[in-house]
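Novice: Pasting a structure below so you can have a look.
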Amino acid sequence: MDTDSSNDDDLQQRNAPVIVITGTPGTGKSTTAALLVEQSPIPLRHVNVGDLVKLQGLHEGFDEEWQSYTVDEDKVLDELEPLVAPGGVVLDWHTCDIFPERWVDLVVVLRCDHAVLWDRLEKRNYPLKKIQENNTAEIMQTVLDEARESYAAEIVVELKSETTEDLENNVSRILQWIEAWKRDNLPS
């Protein structure tokens, strides 16, 4: 990773924040990110990192057993860095710990009751092994722990994401955070 100071200066001159929306597959990341971008008072770009991996070939191949791509994290970071530098990005992915701390202003970890999550993943036709793995990860709060280990406590927020009401409340809460970010970071 390039640690050149001009890169850091670019990140400090942003006109909009970088928000990571993360959580176990099926917790509502993409839906939350899409609504957030739609309702944001400042322009934001939604980047579904999983889709980017597939579309740009940022992987080492497809794992048949797990029905997922083996991600090349270096390629992902190289692809994302110019997108993230100016700010105004919502990164949507099932993990967050690969993103450099200097990139991120807010990490939203969506959580979901494991029974609700199981039903959602079944509706997606996930193989049983993948449903079990993701359910276990949610029960063990794997993504939340990764976020807490990777970022300052004050930028990590855990939000329940089980109902439409939760979704609306979560987007509203993030929008309030964006308004505060604007007050604190943009000239008046």
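Ligands are numbered from 1 in the order shown, chains are lettered A, B, ... in the order of the structure tokens, and residues start at 1 in each chain.
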Please provide the set of residues having any atom within 7 Å of Ala33 in chain A, restricted to only C-alpha atoms, with same-chain residues fewer than 5 positions apart removed, written as an MDAnalysis selection string.
Specialist: chainID A and resid 21 46 90 92
Novice: With N, CA and C atoms kept, could you save the residues just selected as a compact mmCIF listing (two decimals), in the first residue's frame?
Specialist:
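Printed below is result_32.txt as written:
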```txt
# COMPACT_ATOMS: atom_id res chain seq x y z
N ILE A 21 -20.32 -0.18 4.57
CA ILE A 21 -21.48 -0.91 5.09
C ILE A 21 -21.14 -2.38 4.94
N HIS A 46 -22.26 4.28 -4.68
CA HIS A 46 -22.34 2.95 -4.08
C HIS A 46 -21.42 2.01 -4.85
N VAL A 90 -19.67 4.78 -0.80
CA VAL A 90 -20.21 3.80 0.14
C VAL A 90 -19.71 2.45 -0.34
N ASP A 92 -19.69 -1.43 0.00
CA ASP A 92 -20.63 -2.46 0.45
C ASP A 92 -19.95 -3.81 0.25
```
Novice: Excluding Thr31 in chain A and residues on its chain fewer than 3 positions from it, collect all residues at most 10 Å away from it, counting only C-alpha atoms, and give them as a VMD selection string.
Specialist: chain A and resid 27 to 28 34 to 36 92 167 171
Novice: Return as a Markdown table the residues of range 95-135 of chain A lying at most 9 Å from range 64-87 of chain A, together with the closest atom-to-atom pair for each and the distance in Å to one decimal, counting only C-alpha atoms, with rows in chain order and ascending residue number.
Specialist:
```
| residue | atom | partner | partner_atom | distance |
| --- | --- | --- | --- | --- |
| A:Ile98 | CA | A:Glu73 | CA | 7.2 |
| A:Phe99 | CA | A:Leu77 | CA | 7.3 |
| A:Pro100 | CA | A:Leu77 | CA | 8.8 |
| A:Trp103 | CA | A:Val84 | CA | 7.0 |
| A:Val104 | CA | A:Val84 | CA | 8.9 |
| A:Tyr126 | CA | A:Gln67 | CA | 8.5 |
| A:Pro127 | CA | A:Gln67 | CA | 8.0 |
| A:Lys129 | CA | A:Trp66 | CA | 7.6 |
| A:Lys130 | CA | A:Trp66 | CA | 6.4 |
```
Novice: Hey, what's within 10 Å of Tyr151 in chain A if we count only C-alpha atoms and toss same-chain stuff fewer than 3 positions away? As a VMD selection string, please?
Specialist: chain A and resid 96 to 97 99 to 102 104 to 107 146 to 148 154 to 156
Novice: I'd like the contact shell of Arg45 in chain A - 7 Å cut-off, only C-alpha atoms, skipping same-chain residues fewer than 6 positions apart - returned as a PDB file with N, CA, C and O atoms, in the first residue's frame.
Specialist:
```pdb
ATOM      1  N   VAL A  37     -27.527   6.111  -0.697  1.00  0.00           N
ATOM      2  CA  VAL A  37     -27.058   6.901  -1.835  1.00  0.00           C
ATOM      3  C   VAL A  37     -28.218   7.716  -2.417  1.00  0.00           C
ATOM      4  O   VAL A  37     -28.059   8.892  -2.758  1.00  0.00           O
ATOM      5  N   GLY A  88     -16.887  10.388  -0.884  1.00  0.00           N
ATOM      6  CA  GLY A  88     -18.201  10.242  -1.492  1.00  0.00           C
ATOM      7  C   GLY A  88     -18.506   8.829  -1.935  1.00  0.00           C
ATOM      8  O   GLY A  88     -19.235   8.626  -2.907  1.00  0.00           O
ATOM      9  N   VAL A  89     -17.971   7.846  -1.204  1.00  0.00           N
ATOM     10  CA  VAL A  89     -18.136   6.449  -1.584  1.00  0.00           C
ATOM     11  C   VAL A  89     -18.754   5.661  -0.436  1.00  0.00           C
ATOM     12  O   VAL A  89     -18.387   5.851   0.725  1.00  0.00           O
ATOM     13  N   VAL A  90     -19.672   4.776  -0.801  1.00  0.00           N
ATOM     14  CA  VAL A  90     -20.212   3.801   0.136  1.00  0.00           C
ATOM     15  C   VAL A  90     -19.714   2.446  -0.336  1.00  0.00           C
ATOM     16  O   VAL A  90     -20.092   1.978  -1.409  1.00  0.00           O
TER      17      VAL A  90
END
```
Novice: Would you work out the distance separating CA of Arg14 in chain A from CA of Val143 in chain A, expressed in Å to one decimal?
Specialist: 27.0 Å
Novice: Set the distance at 8 Å and use only C-alpha atoms: which residues neighbour Gly23 in chain A once local chain neighbours fewer than 5 positions away are removed? I'd like the list as a PDB file with N, CA, C and O atoms, in the first residue's frame.
Specialist:
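So around.pdb came out as:
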```pdb
ATOM      1  N   LYS A  29     -26.945  -5.225   3.325  1.00  0.00           N
ATOM      2  CA  LYS A  29     -25.923  -4.223   2.982  1.00  0.00           C
ATOM      3  C   LYS A  29     -26.260  -3.474   1.700  1.00  0.00           C
ATOM      4  O   LYS A  29     -26.249  -2.248   1.673  1.00  0.00           O
ATOM      5  N   TRP A  93     -19.615  -4.471   1.386  1.00  0.00           N
ATOM      6  CA  TRP A  93     -18.974  -5.779   1.277  1.00  0.00           C
ATOM      7  C   TRP A  93     -19.154  -6.544   2.574  1.00  0.00           C
ATOM      8  O   TRP A  93     -19.371  -5.968   3.630  1.00  0.00           O
ATOM      9  N   HIS A  94     -19.012  -7.864   2.489  1.00  0.00           N
ATOM     10  CA  HIS A  94     -19.219  -8.731   3.649  1.00  0.00           C
ATOM     11  C   HIS A  94     -18.055  -8.730   4.633  1.00  0.00           C
ATOM     12  O   HIS A  94     -18.130  -9.369   5.680  1.00  0.00           O
ATOM     13  N   THR A  95     -17.012  -8.011   4.318  1.00  0.00           N
ATOM     14  CA  THR A  95     -15.890  -7.863   5.239  1.00  0.00           C
ATOM     15  C   THR A  95     -15.395  -6.429   5.137  1.00  0.00           C
ATOM     16  O   THR A  95     -15.718  -5.731   4.177  1.00  0.00           O
ATOM     17  N   VAL A 109     -21.908  -1.845  10.688  1.00  0.00           N
ATOM     18  CA  VAL A 109     -22.000  -3.311  10.693  1.00  0.00           C
ATOM     19  C   VAL A 109     -23.470  -3.673  10.889  1.00  0.00           C
ATOM     20  O   VAL A 109     -24.046  -3.406  11.937  1.00  0.00           O
ATOM     21  N   LEU A 110     -24.069  -4.262   9.856  1.00  0.00           N
ATOM     22  CA  LEU A 110     -25.461  -4.677   9.949  1.00  0.00           C
ATOM     23  C   LEU A 110     -25.534  -6.060  10.571  1.00  0.00           C
ATOM     24  O   LEU A 110     -24.775  -6.958  10.201  1.00  0.00           O
ATOM     25  N   ARG A 111     -26.458  -6.210  11.520  1.00  0.00           N
ATOM     26  CA  ARG A 111     -26.629  -7.475  12.233  1.00  0.00           C
ATOM     27  C   ARG A 111     -28.056  -7.983  12.053  1.00  0.00           C
ATOM     28  O   ARG A 111     -28.978  -7.197  11.852  1.00  0.00           O
ATOM     29  N   VAL A 143     -18.032 -10.476  11.725  1.00  0.00           N
ATOM     30  CA  VAL A 143     -17.803  -9.212  11.008  1.00  0.00           C
ATOM     31  C   VAL A 143     -17.694  -8.047  11.991  1.00  0.00           C
ATOM     32  O   VAL A 143     -16.834  -7.174  11.837  1.00  0.00           O
ATOM     33  N   LEU A 144     -18.528  -8.040  13.017  1.00  0.00           N
ATOM     34  CA  LEU A 144     -18.462  -6.987  14.025  1.00  0.00           C
ATOM     35  C   LEU A 144     -17.105  -6.996  14.723  1.00  0.00           C
ATOM     36  O   LEU A 144     -16.476  -5.943  14.917  1.00  0.00           O
TER      37      LEU A 144
END
```
Novice: Of the candidates A:Pro41, A:Ser150, A:Gln13, A:Pro25, which one gets nearest to Asp119 in chain A if we count only C-alpha atoms?
Specialist: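 With only C-alpha atoms as the atom set, the closest residue is A:Pro25.
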Novice: Which of range 25-105 of chain A counts as strand (DSSP E) under DSSP, as number ranges by chain please?
Specialist: A: 45-48, 59-63, 68-71, 89-93
Novice: How would the residues just chosen look if you wrote them out with all heavy atoms as a short mmCIF file (atom, residue, chain, number, x, y, z; two decimals), in the first residue's frame?
Specialist:
```cif
data_model
loop_
_atom_site.label_atom_id
_atom_site.label_comp_id
_atom_site.auth_asym_id
_atom_site.auth_seq_id
_atom_site.Cartn_x
_atom_site.Cartn_y
_atom_site.Cartn_z
N ARG A 45 -21.40 7.58 -4.08
CA ARG A 45 -21.36 6.50 -5.07
C ARG A 45 -21.34 5.17 -4.33
O ARG A 45 -20.50 4.95 -3.46
CB ARG A 45 -20.09 6.64 -5.91
CG ARG A 45 -19.92 5.54 -6.91
CD ARG A 45 -18.66 5.75 -7.72
NE ARG A 45 -18.47 4.66 -8.65
CZ ARG A 45 -17.45 4.53 -9.45
NH1 ARG A 45 -16.50 5.45 -9.44
NH2 ARG A 45 -17.35 3.51 -10.25
N HIS A 46 -22.26 4.28 -4.68
CA HIS A 46 -22.34 2.95 -4.08
C HIS A 46 -21.42 2.01 -4.85
O HIS A 46 -21.58 1.84 -6.06
CB HIS A 46 -23.79 2.45 -4.14
CG HIS A 46 -23.98 1.05 -3.68
ND1 HIS A 46 -25.10 0.33 -4.01
CD2 HIS A 46 -23.24 0.23 -2.91
CE1 HIS A 46 -25.04 -0.87 -3.47
NE2 HIS A 46 -23.90 -0.95 -2.80
N VAL A 47 -20.47 1.40 -4.16
CA VAL A 47 -19.59 0.40 -4.77
C VAL A 47 -19.84 -0.93 -4.07
O VAL A 47 -19.48 -1.10 -2.90
CB VAL A 47 -18.09 0.79 -4.66
CG1 VAL A 47 -17.22 -0.30 -5.25
CG2 VAL A 47 -17.83 2.13 -5.34
N ASN A 48 -20.48 -1.84 -4.77
CA ASN A 48 -20.67 -3.20 -4.27
C ASN A 48 -19.36 -3.94 -4.59
O ASN A 48 -19.10 -4.26 -5.75
CB ASN A 48 -21.87 -3.86 -4.94
CG ASN A 48 -22.11 -5.27 -4.43
OD1 ASN A 48 -21.19 -6.06 -4.30
ND2 ASN A 48 -23.37 -5.57 -4.15
N HIS A 59 -9.92 -11.46 -8.69
CA HIS A 59 -9.94 -12.72 -7.94
C HIS A 59 -8.97 -13.70 -8.57
O HIS A 59 -8.45 -13.47 -9.65
CB HIS A 59 -11.36 -13.30 -7.91
CG HIS A 59 -11.95 -13.51 -9.28
ND1 HIS A 59 -11.66 -14.61 -10.05
CD2 HIS A 59 -12.79 -12.74 -10.01
CE1 HIS A 59 -12.30 -14.53 -11.20
NE2 HIS A 59 -12.99 -13.40 -11.20
N GLU A 60 -8.76 -14.79 -7.83
CA GLU A 60 -7.85 -15.84 -8.29
C GLU A 60 -8.61 -17.05 -8.81
O GLU A 60 -8.01 -18.10 -9.04
CB GLU A 60 -6.92 -16.23 -7.14
CG GLU A 60 -6.05 -15.06 -6.68
CD GLU A 60 -5.39 -15.30 -5.35
OE1 GLU A 60 -5.59 -16.37 -4.74
OE2 GLU A 60 -4.66 -14.40 -4.91
N GLY A 61 -9.91 -16.93 -8.97
CA GLY A 61 -10.73 -18.03 -9.47
C GLY A 61 -11.95 -18.26 -8.60
O GLY A 61 -12.15 -17.58 -7.58
N PHE A 62 -12.76 -19.20 -9.01
CA PHE A 62 -14.01 -19.51 -8.33
C PHE A 62 -13.85 -20.80 -7.53
O PHE A 62 -13.37 -21.80 -8.05
CB PHE A 62 -15.14 -19.66 -9.35
CG PHE A 62 -16.51 -19.74 -8.74
CD1 PHE A 62 -17.13 -18.61 -8.26
CD2 PHE A 62 -17.18 -20.95 -8.64
CE1 PHE A 62 -18.40 -18.67 -7.71
CE2 PHE A 62 -18.44 -21.03 -8.09
CZ PHE A 62 -19.05 -19.88 -7.62
N ASP A 63 -14.25 -20.76 -6.27
CA ASP A 63 -14.18 -21.92 -5.38
C ASP A 63 -15.53 -22.64 -5.45
O ASP A 63 -16.53 -22.14 -4.94
CB ASP A 63 -13.88 -21.46 -3.95
CG ASP A 63 -13.68 -22.61 -2.99
OD1 ASP A 63 -14.39 -23.64 -3.10
OD2 ASP A 63 -12.81 -22.50 -2.12
N SER A 68 -18.00 -19.31 -4.24
CA SER A 68 -17.60 -17.91 -4.16
C SER A 68 -16.22 -17.73 -4.79
O SER A 68 -15.49 -18.70 -4.99
CB SER A 68 -17.58 -17.43 -2.70
OG SER A 68 -16.62 -18.16 -1.96
N TYR A 69 -15.89 -16.48 -5.06
CA TYR A 69 -14.59 -16.16 -5.65
C TYR A 69 -13.53 -16.06 -4.57
O TYR A 69 -13.80 -15.59 -3.47
CB TYR A 69 -14.67 -14.84 -6.43
CG TYR A 69 -15.46 -14.97 -7.71
CD1 TYR A 69 -16.83 -14.72 -7.74
CD2 TYR A 69 -14.84 -15.39 -8.88
CE1 TYR A 69 -17.55 -14.86 -8.90
CE2 TYR A 69 -15.55 -15.54 -10.05
CZ TYR A 69 -16.91 -15.28 -10.05
OH TYR A 69 -17.63 -15.43 -11.21
N THR A 70 -12.31 -16.46 -4.92
CA THR A 70 -11.16 -16.27 -4.06
C THR A 70 -10.59 -14.90 -4.41
O THR A 70 -9.99 -14.70 -5.45
CB THR A 70 -10.11 -17.38 -4.29
OG1 THR A 70 -10.73 -18.64 -4.09
CG2 THR A 70 -8.92 -17.21 -3.36
N VAL A 71 -10.83 -13.94 -3.54
CA VAL A 71 -10.54 -12.53 -3.81
C VAL A 71 -9.04 -12.25 -3.72
O VAL A 71 -8.36 -12.72 -2.81
CB VAL A 71 -11.31 -11.64 -2.81
CG1 VAL A 71 -10.94 -10.18 -2.97
CG2 VAL A 71 -12.81 -11.85 -2.96
N VAL A 89 -17.97 7.85 -1.20
CA VAL A 89 -18.14 6.45 -1.58
C VAL A 89 -18.75 5.66 -0.44
O VAL A 89 -18.39 5.85 0.73
CB VAL A 89 -16.77 5.82 -1.98
CG1 VAL A 89 -16.92 4.35 -2.31
CG2 VAL A 89 -16.16 6.56 -3.14
N VAL A 90 -19.67 4.78 -0.80
CA VAL A 90 -20.21 3.80 0.14
C VAL A 90 -19.71 2.45 -0.34
O VAL A 90 -20.09 1.98 -1.41
CB VAL A 90 -21.76 3.83 0.16
CG1 VAL A 90 -22.29 2.75 1.10
CG2 VAL A 90 -22.27 5.19 0.56
N LEU A 91 -18.82 1.84 0.44
CA LEU A 91 -18.28 0.52 0.13
C LEU A 91 -19.16 -0.53 0.80
O LEU A 91 -19.33 -0.52 2.01
CB LEU A 91 -16.84 0.40 0.64
CG LEU A 91 -15.83 1.36 0.01
CD1 LEU A 91 -14.50 1.29 0.75
CD2 LEU A 91 -15.64 1.05 -1.47
N ASP A 92 -19.69 -1.43 0.00
CA ASP A 92 -20.63 -2.46 0.45
C ASP A 92 -19.95 -3.81 0.25
O ASP A 92 -19.70 -4.21 -0.88
CB ASP A 92 -21.90 -2.28 -0.40
CG ASP A 92 -22.81 -3.48 -0.54
OD1 ASP A 92 -22.61 -4.51 0.14
OD2 ASP A 92 -23.74 -3.39 -1.36
N TRP A 93 -19.62 -4.47 1.39
CA TRP A 93 -18.97 -5.78 1.28
C TRP A 93 -19.15 -6.54 2.57
O TRP A 93 -19.37 -5.97 3.63
CB TRP A 93 -17.49 -5.62 0.95
CG TRP A 93 -16.88 -6.80 0.25
CD1 TRP A 93 -17.51 -7.77 -0.48
CD2 TRP A 93 -15.49 -7.14 0.20
NE1 TRP A 93 -16.61 -8.67 -0.99
CE2 TRP A 93 -15.36 -8.30 -0.58
CE3 TRP A 93 -14.35 -6.56 0.73
CZ2 TRP A 93 -14.14 -8.90 -0.85
CZ3 TRP A 93 -13.14 -7.16 0.46
CH2 TRP A 93 -13.03 -8.33 -0.32
#
```
Novice: Pick out the closest residue to Glu158 in chain A from this set: A:Leu186, A:Val49, A:Ile174, A:Val116. Count only C-alpha atoms.
Specialist: A:Ile174
Novice: Have a look at CA of Ala115 in chain A and CA of Ala137 in chain A and let me know their distance in Å, one decimal.
Specialist: 12.9 Å
Novice: Excluding same-chain residues fewer than 4 positions from Trp181 in chain A, what lies within 9 Å of it counting only C-alpha atoms, as a list in words?
Specialist: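 Close residues of Trp181 in chain A: Ala16, Pro17, Asp105, Gln176, Trp177, Asn185 and Leu186 of chain A.
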Novice: Save the residues we just selected, C-alpha atoms, as a compact mmCIF listing (two decimals), in the first residue's frame?
Specialist:
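Result went into result_26.txt, see below:
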```txt
# COMPACT_ATOMS: atom_id res chain seq x y z
CA ALA A 16 -17.67 13.71 1.22
CA PRO A 17 -17.07 10.79 3.59
CA ASP A 105 -14.87 7.67 8.10
CA GLN A 176 -27.85 12.17 10.43
CA TRP A 177 -24.21 11.09 10.71
CA ASN A 185 -15.54 18.78 7.67
CA LEU A 186 -16.86 21.22 5.06
```
Novice: Do you have the CA of Ser30 in chain A-CA of Ala152 in chain A distance handy?
Specialist: 23.7 Å
Novice: Select from range 7-154 of chain A everything DSSP, run on the backbone, classes as helix (DSSP H, G or I), then give the selection as a PyMOL selection string.
Specialist: chain A and resi 7-12+29-39+49-56+73-84+101-103+114-123+128-139+142-150+153-154
Novice: With distances taken over only C-alpha atoms, which of A:Thr32, A:Gln39, A:Gly26, A:Asn125 is nearest to Ile178 in chain A?
Specialist: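 Using only C-alpha atoms, the shortest distance to Ile178 in chain A belongs to A:Gln39.
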Novice: Return the single residue from A:Asn15, A:Asp184, A:Ala153, A:Thr24 that is closest to Ile131 in chain A, with distances computed using only C-alpha atoms.
Specialist: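 The answer is A:Thr24, which sits nearest to Ile131 in chain A.
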